[in-house]
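J.: First the structure, then my questions, so here it is.
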Amino acid sequence: MAITALAAELRAQGRDIIGLGAGEPDFDTPEHIKAAAIEAIRAGQTKYTAVDGTPALRDAIAEKYRRDNGLDYARDQILVSSGAKQSCYNVCIATLNRGDEAIVPAPYWVSYPDMIKLAEAEPVIIPASIDDGFKITPRALEVSITDKTRLMFLNSPSNPTGAAYTAAELRALGDVLVQHPDIVIAADDMYEHIYWADEPFTSFASACPDLIDRTVTINGVSKCYAMTGWRIGYAGGPETIIKAMKKVQSQSTSNPSSISQAASLAALTGDQSCIAEMLVAFRERHDYVVGALNEIPGVACLPGAGTFYAFPNVSEACESHDLADDSALTELLLNEAEVAVVPGVAFGAPGYVRLSFACSLETLQDAIGRIRKVLA
């Protein structure tokens with residue numbers, strides 16, 4: 001968000017900046033979803049709802065979990081929040097105490113460690129590099145667990161890398177976690193439907209049913225329905241944990257927007273073809289960006305299994321241009337190429353940068369051409 005704001009500021013000064021920082025689809029919210037929101041306003045659905053969301057939306061979410069993930073959640077096991085970010089925050093506050101530890105595989109979404117710190121707990125980072133496919137091993141997980149570990153975040157497909165765990169890989173991690181009954185798993189599935197690997201997407205609780213009683217499965221409508229500004233996320237999990245998360249939410253924000261909930265109901269129960277249309281475009285952009293980045297000297301980019309991000313290693317490019325680190329490289333690209341990207345250090349992975357390809361193919365071709373000109 002900081003990079004996007006800076007790019008907007010420079011544009012206002014007359015600079016021709018291409019912003020590849022925002023994790024936001026460039027598609028508009030589908031018309032049938034917008035129409036449902038308008039109808040909700042006209043019907044007077046503008047009052048408070050239940051803290052955990054309307055019964056109709058929670059039922060639709062429960063059906064989504066059954067249909068897409070084979071997970072059976074009752075209505076009281078569903079919590080609707082003001083974005084999946086709030087769902088992640090709720091689970092931290094509900095499960096962590098001062099002195100506890102929470103495991104975060106890196107590269108990670110930027111907010112996980114700070115959410116843990118706000119709960120007065122300590123993030124324990126497990127690094128995974130491009131050589132590891134950006135995925136942690138069961139051994140790395142095992143050696144990171146202590147008697148203070150109470151929570152683990154697992155984001156698949158991953159922001160920022162696009163890497164996704166297979167069902168077998170999830171089961172291998174589950175074999176470790178099943179031996180540690182005090183750990184809650186927060187499975188962030190936000191990019192579930194922006195996914196193109198050969199093996200079907202598998203949620204952690206689906207792969208590890210023995211751990212469903214301590215897994216919170218987090219998702220939302222922001223990415224796959226192009227509804228980032230509507231701010232609706234949701235979580236399904238054990239009733240005791242969901243109840244605690246609801247209590248946290250009731251004393252912070254109360255219910256999410258009633259209008260956004262009506263729109264989300266239409267998104268989950270209506271025509272799903274909009275997802276497939278966006279997925280085709282994202283896959284085409286992914287293929288172009290990964291191929292083009294790998295042709296730039298000093299840059300190495302691993303293909304992703306989903307999301308709309310590329311996460312190239314730029315260590316050699318930094319060295320060849322006498323740059324101190326990835327932050328210096330992003331500054332060079334902003335000033336010389338007029339392309340805004342996010343330094344990998346923000347995601348716990350120095351030596352990398354994140355590029356969002358949630359923009360047109362023509363814009364990406366222009367941006368990569370500028371980057372190539374500077375780095376070549």
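As shown in the structure tokens, the chain order sets the letters A, B, ...; within each chain, residues go from 1, and ligands are also counted from 1 in the order they appear.
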Counting only C-alpha atoms, what is within 7 Å of segment 183-200 of chain A, bar same-chain residues fewer than 6 positions away, as number ranges by chain?

T.: A: 149-157, 214-220, 223-224, 279, 305-307

J.: Residues of segment 47-128 of chain A in helix (DSSP H, G or I) according to DSSP, as an MDAnalysis selection string?

T.: chainID A and resid 55:69 75:77 84:95 111:118

J.: Neighbouring residues of segment 53-64 of chain A were defined as those with any atom within 12 Å, considering only C-alpha atoms; residues of the same chain fewer than 3 positions away were excluded. Please report them as a VMD selection string.

T.: chain A and resid 45 47 to 50 67 to 82 192 217 to 221 232 to 237 246 249 to 250 254 to 270 272

J.: So the first atom is atom CA of Pro107 of chain A and the second is atom CA of Phe311 of chain A; what is the distance between them in Å, to one decimal place?

T.: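 Computed distance, atom CA of Pro107 of chain A to atom CA of Phe311 of chain A, equals 9.5 Å.
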
J.: Contacts between segment 124-144 of chain A and segment 277-376 of chain A, please, where a residue of segment 277-376 of chain A counts if it comes within 8 Å (with only C-alpha atoms); show its shortest atom pair and distance in Å to one decimal, rows by chain and ascending number, as JSON lines.

T.:
```
{"residue": "A:Leu302", "atom": "CA", "partner": "A:Ile130", "partner_atom": "CA", "distance": 6.9}
{"residue": "A:Asn313", "atom": "CA", "partner": "A:Ile130", "partner_atom": "CA", "distance": 7.5}
{"residue": "A:Gly348", "atom": "CA", "partner": "A:Pro127", "partner_atom": "CA", "distance": 7.8}
{"residue": "A:Ala349", "atom": "CA", "partner": "A:Pro127", "partner_atom": "CA", "distance": 7.7}
```

J.: Skipping near chain neighbours, those fewer than 4 positions away, what residues fall within 12 Å of Glu336 of chain A using only C-alpha atoms, listed as a list in words?

T.: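 Answer for this query is Arg15, Asp16, Ile17, Ile18, Ala328, Leu329, Thr330, Glu331, Leu332, Ala340, Ala367, Arg370, Ile371, Arg372, Lys373, Val374 and Leu375 of chain A.
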
J.: For the residues selected in the previous step, produce a file with all heavy atoms as a compact mmCIF listing (two decimals), in the first residue's frame.

T.:
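Result went into part27.txt, see below:
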```txt
# COMPACT_ATOMS: atom_id res chain seq x y z
N ARG A 15 4.98 12.35 -13.27
CA ARG A 15 5.84 11.22 -13.65
C ARG A 15 5.01 10.10 -14.25
O ARG A 15 3.89 9.82 -13.81
CB ARG A 15 6.60 10.68 -12.42
CG ARG A 15 7.51 11.69 -11.72
CD ARG A 15 8.83 11.85 -12.42
NE ARG A 15 9.58 10.60 -12.46
CZ ARG A 15 10.36 10.15 -11.46
NH1 ARG A 15 10.46 10.86 -10.34
NH2 ARG A 15 11.04 9.02 -11.60
N ASP A 16 5.57 9.42 -15.25
CA ASP A 16 4.88 8.31 -15.92
C ASP A 16 5.19 7.01 -15.19
O ASP A 16 5.99 6.19 -15.66
CB ASP A 16 5.32 8.25 -17.38
CG ASP A 16 4.63 7.11 -18.14
OD1 ASP A 16 3.55 6.68 -17.71
OD2 ASP A 16 5.21 6.65 -19.15
N ILE A 17 4.59 6.82 -14.03
CA ILE A 17 4.90 5.69 -13.17
C ILE A 17 3.96 4.52 -13.46
O ILE A 17 2.74 4.70 -13.53
CB ILE A 17 4.77 6.07 -11.68
CG1 ILE A 17 5.67 7.26 -11.34
CG2 ILE A 17 5.10 4.86 -10.79
CD1 ILE A 17 7.15 7.00 -11.49
N ILE A 18 4.53 3.33 -13.63
CA ILE A 18 3.75 2.10 -13.72
C ILE A 18 3.80 1.44 -12.35
O ILE A 18 4.87 1.09 -11.87
CB ILE A 18 4.29 1.15 -14.79
CG1 ILE A 18 4.21 1.79 -16.18
CG2 ILE A 18 3.52 -0.17 -14.78
CD1 ILE A 18 4.80 0.93 -17.29
N ALA A 328 17.27 -0.86 -2.32
CA ALA A 328 17.99 0.05 -3.21
C ALA A 328 17.62 -0.22 -4.67
O ALA A 328 17.52 0.71 -5.48
CB ALA A 328 19.49 -0.11 -3.01
N LEU A 329 17.41 -1.50 -5.00
CA LEU A 329 17.01 -1.84 -6.36
C LEU A 329 15.63 -1.28 -6.68
O LEU A 329 15.41 -0.74 -7.78
CB LEU A 329 17.03 -3.35 -6.56
CG LEU A 329 16.61 -3.82 -7.96
CD1 LEU A 329 17.64 -3.40 -9.01
CD2 LEU A 329 16.41 -5.32 -7.99
N THR A 330 14.69 -1.41 -5.76
CA THR A 330 13.35 -0.87 -6.02
C THR A 330 13.40 0.65 -6.18
O THR A 330 12.66 1.21 -6.98
CB THR A 330 12.37 -1.24 -4.89
OG1 THR A 330 12.83 -0.70 -3.64
CG2 THR A 330 12.23 -2.74 -4.76
N GLU A 331 14.30 1.29 -5.44
CA GLU A 331 14.46 2.74 -5.59
C GLU A 331 15.01 3.08 -6.97
O GLU A 331 14.57 4.03 -7.62
CB GLU A 331 15.38 3.27 -4.49
CG GLU A 331 15.50 4.79 -4.49
CD GLU A 331 16.33 5.31 -3.34
OE1 GLU A 331 16.63 4.52 -2.41
OE2 GLU A 331 16.69 6.50 -3.36
N LEU A 332 15.98 2.27 -7.42
CA LEU A 332 16.54 2.48 -8.76
C LEU A 332 15.46 2.31 -9.82
O LEU A 332 15.35 3.13 -10.75
CB LEU A 332 17.67 1.48 -9.00
CG LEU A 332 18.26 1.45 -10.42
CD1 LEU A 332 19.06 2.71 -10.70
CD2 LEU A 332 19.13 0.21 -10.61
N ALA A 340 7.14 0.85 -10.17
CA ALA A 340 7.08 0.66 -8.73
C ALA A 340 6.84 -0.81 -8.41
O ALA A 340 5.84 -1.40 -8.83
CB ALA A 340 5.95 1.50 -8.13
N ALA A 367 6.25 -2.26 -18.65
CA ALA A 367 6.99 -2.24 -17.39
C ALA A 367 8.23 -3.12 -17.45
O ALA A 367 9.33 -2.70 -17.05
CB ALA A 367 6.07 -2.69 -16.25
N ARG A 370 10.94 -1.59 -19.51
CA ARG A 370 11.67 -0.54 -18.78
C ARG A 370 12.67 -1.14 -17.81
O ARG A 370 13.81 -0.67 -17.69
CB ARG A 370 10.68 0.35 -18.03
CG ARG A 370 9.71 1.12 -18.89
CD ARG A 370 8.86 2.02 -18.01
NE ARG A 370 7.76 2.66 -18.71
CZ ARG A 370 6.99 3.61 -18.17
NH1 ARG A 370 7.21 4.00 -16.93
NH2 ARG A 370 6.01 4.15 -18.87
N ILE A 371 12.24 -2.18 -17.08
CA ILE A 371 13.12 -2.83 -16.11
C ILE A 371 14.33 -3.44 -16.83
O ILE A 371 15.48 -3.30 -16.39
CB ILE A 371 12.35 -3.91 -15.33
CG1 ILE A 371 11.29 -3.25 -14.42
CG2 ILE A 371 13.32 -4.75 -14.49
CD1 ILE A 371 10.37 -4.25 -13.75
N ARG A 372 14.07 -4.10 -17.96
CA ARG A 372 15.14 -4.71 -18.73
C ARG A 372 16.16 -3.65 -19.19
O ARG A 372 17.38 -3.88 -19.13
CB ARG A 372 14.57 -5.45 -19.94
CG ARG A 372 15.63 -6.18 -20.76
CD ARG A 372 15.06 -6.77 -22.04
NE ARG A 372 14.05 -7.77 -21.78
CZ ARG A 372 12.75 -7.62 -22.04
NH1 ARG A 372 12.31 -6.47 -22.58
NH2 ARG A 372 11.90 -8.57 -21.78
N LYS A 373 15.67 -2.52 -19.62
CA LYS A 373 16.55 -1.46 -20.11
C LYS A 373 17.49 -0.95 -19.01
O LYS A 373 18.66 -0.69 -19.27
CB LYS A 373 15.70 -0.32 -20.67
CG LYS A 373 16.51 0.81 -21.31
CD LYS A 373 15.60 1.85 -21.92
CE LYS A 373 16.39 2.96 -22.59
NZ LYS A 373 15.50 3.99 -23.18
N VAL A 374 16.95 -0.85 -17.78
CA VAL A 374 17.76 -0.36 -16.67
C VAL A 374 18.75 -1.42 -16.20
O VAL A 374 19.95 -1.16 -15.99
CB VAL A 374 16.88 0.10 -15.50
CG1 VAL A 374 17.70 0.36 -14.24
CG2 VAL A 374 16.08 1.34 -15.89
N LEU A 375 18.28 -2.65 -16.06
CA LEU A 375 19.12 -3.70 -15.48
C LEU A 375 20.08 -4.33 -16.48
O LEU A 375 21.06 -4.96 -16.08
CB LEU A 375 18.25 -4.78 -14.83
CG LEU A 375 17.41 -4.33 -13.64
CD1 LEU A 375 16.70 -5.53 -13.02
CD2 LEU A 375 18.26 -3.62 -12.61
```

J.: Near Gly298 of chain A, counting only C-alpha atoms, which residues have an atom at most 10 Å away, once you skip same-chain residues fewer than 5 positions from it, shown as a list in words?

T.: Leu293, Pro312, Asn313, Val314, Ser315, Glu316, Ala317, Cys318, Glu319, Ser320, His321, Leu375 and Ala376 of chain A

J.: For the residues in the current selection, export C-alpha atoms as a short mmCIF file (atom, residue, chain, number, x, y, z; two decimals), in the first residue's frame.

T.:
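Produced file selection-v6.cif, reproduced below:
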```
data_model
loop_
_atom_site.label_atom_id
_atom_site.label_comp_id
_atom_site.auth_asym_id
_atom_site.auth_seq_id
_atom_site.Cartn_x
_atom_site.Cartn_y
_atom_site.Cartn_z
CA LEU A 293 11.95 -11.69 -16.06
CA PRO A 312 12.04 -12.90 -8.61
CA ASN A 313 15.43 -13.23 -6.98
CA VAL A 314 17.36 -10.05 -7.80
CA SER A 315 20.50 -10.65 -5.69
CA GLU A 316 22.78 -10.88 -8.73
CA ALA A 317 21.27 -7.75 -10.25
CA CYS A 318 21.90 -5.87 -6.99
CA GLU A 319 25.52 -7.05 -6.95
CA SER A 320 26.22 -6.22 -10.58
CA HIS A 321 24.84 -2.69 -10.14
CA LEU A 375 19.12 -3.70 -15.48
CA ALA A 376 20.71 -4.76 -18.76
#
```
